[in-house]
file data.csv (CSV, C-alpha atoms)
chain,number,residue,atom,x,y,z
A,193,MET,CA,104.0,169.7,115.6
A,194,ALA,CA,107.6,169.6,114.4
A,195,THR,CA,109.8,166.6,115.0
A,196,VAL,CA,113.4,166.7,116.3
A,197,GLY,CA,115.7,164.3,114.5
A,198,TYR,CA,118.8,164.5,116.8
A,199,VAL,CA,119.8,164.2,120.4
A,200,ASN,CA,122.7,166.2,121.8
A,201,TYR,CA,124.2,164.3,124.6
A,202,LEU,CA,127.7,164.6,126.1
A,203,GLY,CA,128.9,166.4,123.0
A,204,THR,CA,127.4,164.0,120.5
A,205,HIS,CA,124.9,164.7,117.7
A,206,THR,CA,123.1,161.3,117.3
A,207,PRO,CA,120.0,160.7,115.3
A,208,TRP,CA,117.0,159.5,117.2
A,209,ASN,CA,116.6,156.5,114.9
A,210,ARG,CA,120.0,155.2,116.0
A,211,TYR,CA,118.8,155.1,119.6
A,212,CYS,CA,115.6,153.4,118.5
A,213,LEU,CA,117.7,150.8,116.6
A,214,ASP,CA,119.7,150.1,119.8
A,215,ALA,CA,116.5,149.7,121.7
A,216,ALA,CA,115.0,147.4,119.1
A,217,ILE,CA,118.1,145.1,119.2
A,218,LEU,CA,117.9,145.1,123.0
A,219,ALA,CA,114.2,144.2,123.0
A,220,VAL,CA,114.8,141.3,120.6
A,221,ALA,CA,117.7,140.0,122.8
A,222,MET,CA,115.5,140.2,125.9
A,223,CYS,CA,112.8,138.3,124.1
A,224,VAL,CA,115.2,135.6,123.0
A,225,LEU,CA,116.5,135.2,126.5
A,226,TRP,CA,113.0,135.0,127.9
A,227,GLY,CA,112.2,132.4,125.3
A,228,PHE,CA,115.1,130.3,126.4
A,229,LYS,CA,113.8,130.3,129.9
A,230,LYS,CA,110.1,129.8,129.0
A,231,HIS,CA,110.7,126.8,126.7
A,232,ARG,CA,113.5,125.4,128.9
A,233,LEU,CA,115.9,124.9,126.0
A,234,SER,CA,119.0,122.9,126.6
A,235,ASP,CA,122.4,124.6,126.0
A,236,ALA,CA,122.7,122.7,122.7
A,237,ARG,CA,119.3,124.0,121.4
A,238,GLN,CA,120.1,127.5,122.6
A,239,ASN,CA,123.3,127.4,120.5
A,240,LEU,CA,121.3,126.3,117.5
A,241,VAL,CA,118.8,129.2,118.0
A,242,LEU,CA,121.7,131.7,118.2
A,243,THR,CA,123.4,130.2,115.1
A,244,ALA,CA,120.1,130.4,113.2
A,245,ILE,CA,119.8,134.0,114.2
A,246,ALA,CA,123.3,134.8,112.9
A,247,PHE,CA,122.6,132.9,109.6
A,248,ALA,CA,119.2,134.6,109.2
A,249,ILE,CA,120.7,138.1,109.8
A,250,VAL,CA,123.2,137.5,107.0
A,251,SER,CA,120.6,136.2,104.6
A,252,GLY,CA,118.2,139.0,105.5
A,253,LEU,CA,120.7,141.7,104.8
A,254,LEU,CA,121.6,140.2,101.5
A,255,CYS,CA,118.0,140.0,100.4
A,256,ALA,CA,117.3,143.5,101.7
A,257,VAL,CA,120.0,144.8,99.4
A,258,LEU,CA,119.0,142.7,96.4
A,259,PHE,CA,115.3,143.6,96.7
A,260,ASP,CA,116.0,147.3,97.1
A,261,ALA,CA,118.3,147.2,94.1
A,262,LEU,CA,115.5,145.6,92.1
A,263,PHE,CA,113.0,148.3,93.2
A,264,THR,CA,115.2,151.3,92.6
A,265,GLY,CA,117.2,150.0,89.7
A,266,ASP,CA,120.4,150.6,91.7
A,267,TRP,CA,121.7,147.2,90.4
A,268,ARG,CA,122.6,149.0,87.2
A,269,THR,CA,125.2,151.1,89.1
A,270,TRP,CA,127.0,147.9,90.1
A,271,LEU,CA,127.9,147.2,86.4
A,272,HIS,CA,130.2,150.2,85.8
A,273,GLY,CA,133.1,151.9,87.4
A,274,GLY,CA,131.1,154.9,88.7
A,275,GLU,CA,129.4,155.4,92.0
A,276,LYS,CA,127.7,152.2,93.3
A,277,ARG,CA,124.5,152.7,95.2
A,278,PHE,CA,123.2,150.3,97.8
A,279,GLY,CA,120.0,150.4,99.9
A,280,LEU,CA,117.9,148.2,102.2
A,281,THR,CA,114.2,147.3,102.1
A,282,PHE,CA,112.3,145.8,104.9
A,283,ALA,CA,110.2,143.2,103.0
A,284,GLY,CA,113.4,141.8,101.5
A,285,ALA,CA,115.0,141.6,104.9
A,286,LEU,CA,112.0,139.9,106.4
A,287,LEU,CA,111.7,137.3,103.7
A,288,GLY,CA,115.5,136.7,103.7
A,289,PHE,CA,115.6,136.4,107.5
A,290,SER,CA,112.7,134.0,107.5
A,291,ALA,CA,114.1,131.8,104.8
A,292,GLY,CA,117.6,131.8,106.4
A,293,ALA,CA,116.2,130.9,109.8
A,294,ALA,CA,114.0,128.1,108.4
A,295,LEU,CA,116.8,126.7,106.2
A,296,HIS,CA,119.3,126.6,109.0
A,297,ALA,CA,116.8,125.2,111.5
A,298,ARG,CA,115.8,122.5,109.1
A,299,LEU,CA,119.4,121.5,108.4
A,300,SER,CA,120.5,121.7,112.0
A,301,GLY,CA,117.6,119.7,113.4
A,302,LEU,CA,116.1,122.6,115.4
A,303,GLY,CA,113.0,122.5,113.3
A,304,ALA,CA,111.8,125.2,110.9
A,305,GLY,CA,108.4,125.6,112.5
A,306,PHE,CA,109.9,126.0,116.0
A,307,ALA,CA,112.5,128.5,114.8
A,308,LEU,CA,110.0,130.7,113.0
A,309,SER,CA,107.5,130.7,115.8
A,310,PHE,CA,110.3,131.5,118.3
A,311,LEU,CA,112.0,134.3,116.2
A,312,LEU,CA,109.4,136.1,114.2
A,313,PRO,CA,107.1,137.5,117.0
A,314,PRO,CA,110.1,139.5,118.5
A,315,LEU,CA,110.6,141.1,115.1
A,316,ALA,CA,107.2,142.8,115.5
A,317,LEU,CA,108.4,144.4,118.7
A,318,ALA,CA,111.7,145.5,117.0
A,319,GLN,CA,109.8,146.9,114.1
A,320,ALA,CA,107.4,148.8,116.4
A,321,ILE,CA,110.4,150.5,118.1
A,322,GLY,CA,112.1,151.0,114.8
A,323,ARG,CA,109.2,152.8,113.3
A,324,ILE,CA,109.3,155.3,116.1
A,325,GLY,CA,112.8,156.0,115.0
A,326,CYS,CA,111.6,156.4,111.5
A,327,PHE,CA,109.1,159.0,112.6
A,328,LEU,CA,111.7,161.0,114.6
A,329,GLY,CA,114.3,160.7,111.9
A,330,GLY,CA,112.0,161.7,109.1
A,331,CYS,CA,112.2,158.7,106.8
A,332,CYS,CA,109.2,156.7,105.6
A,333,TYR,CA,107.0,159.7,106.0
A,334,GLY,CA,103.3,159.9,105.1
A,335,THR,CA,101.2,161.6,102.6
A,336,THR,CA,100.5,165.3,102.9
A,337,CYS,CA,97.3,166.2,104.7
A,338,ASP,CA,95.6,169.1,106.6
A,339,PHE,CA,96.6,167.6,110.0
A,340,GLY,CA,99.6,165.7,111.2
A,341,VAL,CA,103.2,166.7,111.6
A,342,SER,CA,105.8,168.9,109.9
A,343,TYR,CA,109.5,168.3,109.6
A,344,PRO,CA,112.1,171.0,110.3
A,345,GLN,CA,114.4,172.5,107.8
A,346,GLY,CA,117.4,170.3,107.1
A,347,SER,CA,115.4,167.1,107.4
A,348,TYR,CA,114.8,164.6,104.6
A,349,PRO,CA,111.1,165.4,104.2
A,350,TYR,CA,111.7,169.1,104.2
A,351,SER,CA,114.1,168.8,101.3
A,352,LEU,CA,111.3,167.3,99.2
A,353,ILE,CA,108.0,168.8,100.5
A,354,GLY,CA,109.0,171.7,102.6
A,355,ALA,CA,107.1,172.4,105.8
A,356,ALA,CA,103.9,170.7,104.6
A,357,LYS,CA,102.1,168.6,107.2
A,358,VAL,CA,102.2,164.8,106.7
A,359,PHE,CA,100.2,161.9,108.0
A,360,PRO,CA,102.2,160.2,110.9
A,361,VAL,CA,102.1,156.8,109.2
A,362,GLN,CA,105.2,155.6,111.0
A,363,LEU,CA,103.5,156.0,114.4
A,364,VAL,CA,100.3,154.3,113.2
A,365,GLU,CA,102.4,151.3,111.9
A,366,SER,CA,104.3,151.3,115.2
A,367,GLY,CA,101.0,151.0,117.2
A,368,CYS,CA,99.8,148.2,114.9
A,369,LEU,CA,103.0,146.3,115.3
A,370,PHE,CA,102.9,146.6,119.1
A,371,VAL,CA,99.4,145.1,119.0
A,372,LEU,CA,100.6,142.3,116.6
A,373,PHE,CA,103.4,141.5,119.0
A,374,ILE,CA,100.9,141.1,121.9
A,375,LEU,CA,98.5,139.0,119.7
A,376,SER,CA,101.3,136.7,118.7
A,377,LEU,CA,102.2,136.1,122.3
A,378,PHE,CA,98.7,135.0,123.1
A,379,ALA,CA,98.4,132.7,120.1
A,380,PRO,CA,99.3,129.0,120.5
A,381,PHE,CA,103.1,128.6,119.9
A,382,ARG,CA,102.9,126.7,116.7
A,383,PHE,CA,100.6,129.4,115.2
A,384,ARG,CA,102.8,132.4,116.1
A,385,SER,CA,104.8,132.6,112.9
A,386,ALA,CA,101.6,132.5,110.9
A,387,VAL,CA,100.0,135.2,113.0
A,388,TYR,CA,103.1,137.4,112.5
A,389,MET,CA,103.3,136.9,108.7
A,390,LEU,CA,99.5,137.5,108.2
A,391,GLY,CA,99.6,140.6,110.5
A,392,VAL,CA,102.7,142.2,109.0
A,393,GLY,CA,101.5,141.6,105.5
A,394,LEU,CA,98.1,143.1,106.2
A,395,ILE,CA,99.5,146.1,108.1
A,396,ARG,CA,102.1,147.0,105.5
A,397,PHE,CA,99.8,146.5,102.5
A,398,THR,CA,97.2,148.8,104.0
A,399,LEU,CA,99.6,151.6,105.3
A,400,GLU,CA,101.4,151.8,102.0
A,401,PHE,CA,98.4,153.7,100.7
A,402,PHE,CA,99.3,156.4,103.2
A,403,ARG,CA,103.0,156.7,102.4
A,404,GLY,CA,104.3,159.9,100.8
A,405,ASP,CA,107.9,159.0,100.0
A,406,VAL,CA,109.0,157.5,96.7
A,407,ARG,CA,107.8,153.9,96.6
A,408,GLY,CA,109.4,152.6,93.4
A,409,THR,CA,108.1,150.0,91.1
A,410,MET,CA,108.4,146.2,90.7
A,411,PHE,CA,107.8,144.1,87.6
A,412,GLY,CA,106.4,147.2,85.8
A,413,VAL,CA,103.4,147.3,88.2
A,414,THR,CA,102.3,150.9,89.0
A,415,ALA,CA,99.0,150.3,90.7
A,416,LEU,CA,100.7,148.7,93.7
A,417,SER,CA,104.0,149.6,95.4
A,418,PRO,CA,106.8,147.0,95.6
A,419,GLN,CA,106.2,146.7,99.3
A,420,GLN,CA,102.5,145.9,98.7
A,421,ILE,CA,103.4,143.2,96.2
A,422,LEU,CA,105.8,141.7,98.8
A,423,SER,CA,103.2,142.2,101.6
A,424,MET,CA,100.9,140.0,99.5
A,425,LEU,CA,103.6,137.4,99.4
A,426,CYS,CA,104.0,137.6,103.2
A,427,PHE,CA,100.3,137.2,103.6
A,428,ALA,CA,100.3,134.2,101.3
A,429,ILE,CA,103.1,132.6,103.3
A,430,GLY,CA,101.2,133.3,106.5
A,431,ILE,CA,98.1,131.5,105.0
A,432,THR,CA,100.3,128.5,104.1
A,433,MET,CA,101.8,128.4,107.6
A,434,LEU,CA,98.4,128.6,109.2
A,435,ILE,CA,97.1,125.7,107.1
A,436,LYS,CA,100.2,123.6,107.8
A,437,SER,CA,100.0,124.2,111.5
A,438,ALA,CA,96.3,123.5,111.6
A,439,ARG,CA,96.9,120.2,109.8
A,440,LEU,CA,99.6,119.2,112.3
A,441,VAL,CA,97.2,119.9,115.1
A,442,VAL,CA,94.5,117.8,113.6
A,443,LEU,CA,97.0,115.0,112.8
A,444,GLY,CA,98.2,115.1,116.4
A,445,GLU,CA,94.7,114.9,117.8
A,446,ARG,CA,93.9,111.9,115.5
A,447,THR,CA,97.1,110.2,116.5
A,448,SER,CA,96.4,110.8,120.1
A,449,GLY,CA,92.9,109.4,119.7
A,450,VAL,CA,94.2,106.3,118.1
A,451,LYS,CA,96.7,105.7,120.8
A,452,GLY,CA,94.1,106.3,123.4
A,453,CYS,CA,91.8,103.6,121.9
A,454,SER,CA,94.7,101.1,121.7
A,455,ILE,CA,95.6,101.6,125.3
A,456,GLY,CA,92.0,101.4,126.5

call {"tool": "encode", "arguments": {"input": "data.csv", "output": "C-alpha cells"}}
result
Amino acid sequence: MATVGYVNYLGTHTPWNRYCLDAAILAVAMCVLWGFKKHRLSDARQNLVLTAIAFAIVSGLLCAVLFDALFTGDWRTWLHGGEKRFGLTFAGALLGFSAGAALHARLSGLGAGFALSFLLPPLALAQAIGRIGCFLGGCCYGTTCDFGVSYPQGSYPYSLIGAAKVFPVQLVESGCLFVLFILSLFAPFRFRSAVYMLGVGLIRFTLEFFRGDVRGTMFGVTALSPQQILSMLCFAIGITMLIKSARLVVLGERTSGVKGCSIG
C-alpha cells in the first residue's frame, strides 16, 4: 500500500496533513461550543475560556519550540549568524498548553481544574485527526517491517529508507486517541484531565518503541527517547491530578455528610 501525500483540487497541490490540521481545529472548536452549551456557561465564563485557550496556545507553541531545540540541539544555531533552525515537538506543546491554561484559569478565577477538564479531552480528538495527516504526509513514520505501508518517491520516508515497508504507527496512535477521547467523555468531569494525561502518556510512551524516524536524545539518555521521558512526566502529572480530584470528591462527601447531620 502506497500513501498519497497531496490533494490536487482546483489547481492546488495541498498536503493531506494540512487538511487534517484544518479538520482538527474545527473539531476542537465544535467541542468547545458544545461544552459551552452543556455546562451552561455564562458569557463572562465563555470569554474566560476563550482567553485561556489563546494564552495556552501561545505558551504551548513556545514550549514546543524550546523542547524541540533541546532535543535536537537546534538551540546552538540561535547563537551565531548562520541559518537558525526551529522545530516543534508535541510533548512540549502539550505541557506548555496545559501549564498556560491552568495558570490563566487560576489567575482569572475560572479555576485550573475546570479549565483543564474542559480543554484537554478535545485535544485527544484533534491529535487523532492530526495523526491521520501524519500518516498521509509521511512524517512520524514507523519502524521497518515485513508488512505495513510504503511511501512513494519524493516523500520524506522514501528519502531516508526508500520503498521499505513501515509499521503504520500513526494510524495505531490515531485509533488509540479516538478511544481516549471517548473514554474521557464518559469519565466524571473533574477526572477528565487526569484520564487524558494518563492516557496520552501511556499511549505515546508505548508507541515510541515502534517509531522509525530519528527520535533525538534528552539529558544524555539513550535507552528512552525524549518523547518517552516527557510521556513519563505526563503520566506522573495525570497521577497527581487523579489523586487531587479523588481527594476533592472525598472531601466534598464528608462536607456534605456533616451538613446533613447538622440539618437533621

call {"tool": "atom_distance", "arguments": {"input": "data.csv", "atom1": "CA of Arg439 in chain A", "atom2": "CA of Ser290 in chain A"}}
result
21.1 Å

call {"tool": "residues_around", "arguments": {"input": "data.csv", "residues": "range 393-408 of chain A", "least_positions_apart": "5", "cutoff": "7 Å", "atoms": "only C-alpha atoms", "output": "ChimeraX atom specification"}}
result
/A:263-264,332-336,361,417-418,420,423-424,426-427

call {"tool": "closest_residue", "arguments": {"input": "data.csv", "among": "A:Cys255, A:Phe411, A:Ser385, A:Gly430", "to": "Leu315 in chain A", "atoms": "only C-alpha atoms"}}
result
A:Ser385

call {"tool": "closest_residue", "arguments": {"input": "data.csv", "among": "A:Met433, A:Leu233, A:Leu422, A:Ala216", "to": "Asp260 in chain A", "atoms": "all atoms listed in the file"}}
result
A:Leu422

call {"tool": "closest_residue", "arguments": {"input": "data.csv", "among": "A:Leu377, A:Leu352, A:Val387, A:Ala293", "to": "Ser251 in chain A", "atoms": "all atoms listed in the file"}}
result
A:Ala293

call {"tool": "residues_near_point", "arguments": {"input": "data.csv", "point": "(115.2, 145.4, 104.5)", "cutoff": "12 Å", "atoms": "all atoms listed in the file", "output": "list in words"}}
result
Ile249, Val250, Ser251, Gly252, Leu253, Leu254, Cys255, Ala256, Val257, Leu258, Phe259, Asp260, Ala261, Phe263, Phe278, Gly279, Leu280, Thr281, Phe282, Ala283, Gly284, Ala285, Leu286, Leu287, Gly288, Phe289, Gln319, Gln419 and Leu422 of chain A

call {"tool": "closest_residue", "arguments": {"input": "data.csv", "among": "A:Met389, A:Leu302, A:Leu295, A:Cys212", "to": "Arg237 in chain A", "atoms": "only C-alpha atoms"}}
result
A:Leu302

call {"tool": "closest_residue", "arguments": {"input": "data.csv", "among": "A:Arg277, A:His296, A:Arg384, A:Lys357", "to": "Ala248 in chain A", "atoms": "all atoms listed in the file"}}
result
A:His296

call {"tool": "residues_around", "arguments": {"input": "data.csv", "residues": "Phe339 in chain A", "least_positions_apart": "2", "cutoff": "10 Å", "atoms": "all atoms listed in the file", "output": "list in words"}}
result
Met193, Thr336, Cys337, Val341, Ser342, Ala356, Lys357, Val358, Phe359 and Pro360 of chain A

call {"tool": "residues_around", "arguments": {"input": "data.csv", "residues": "Ala355 in chain A", "least_positions_apart": "4", "cutoff": "7 Å", "atoms": "only C-alpha atoms", "output": "MDAnalysis selection string"}}
result
chainID A and resid 342:344 350

call {"tool": "closest_residue", "arguments": {"input": "data.csv", "among": "A:Leu440, A:Ile431, A:Ser351, A:Phe310", "to": "Lys230 in chain A", "atoms": "only C-alpha atoms"}}
result
A:Phe310
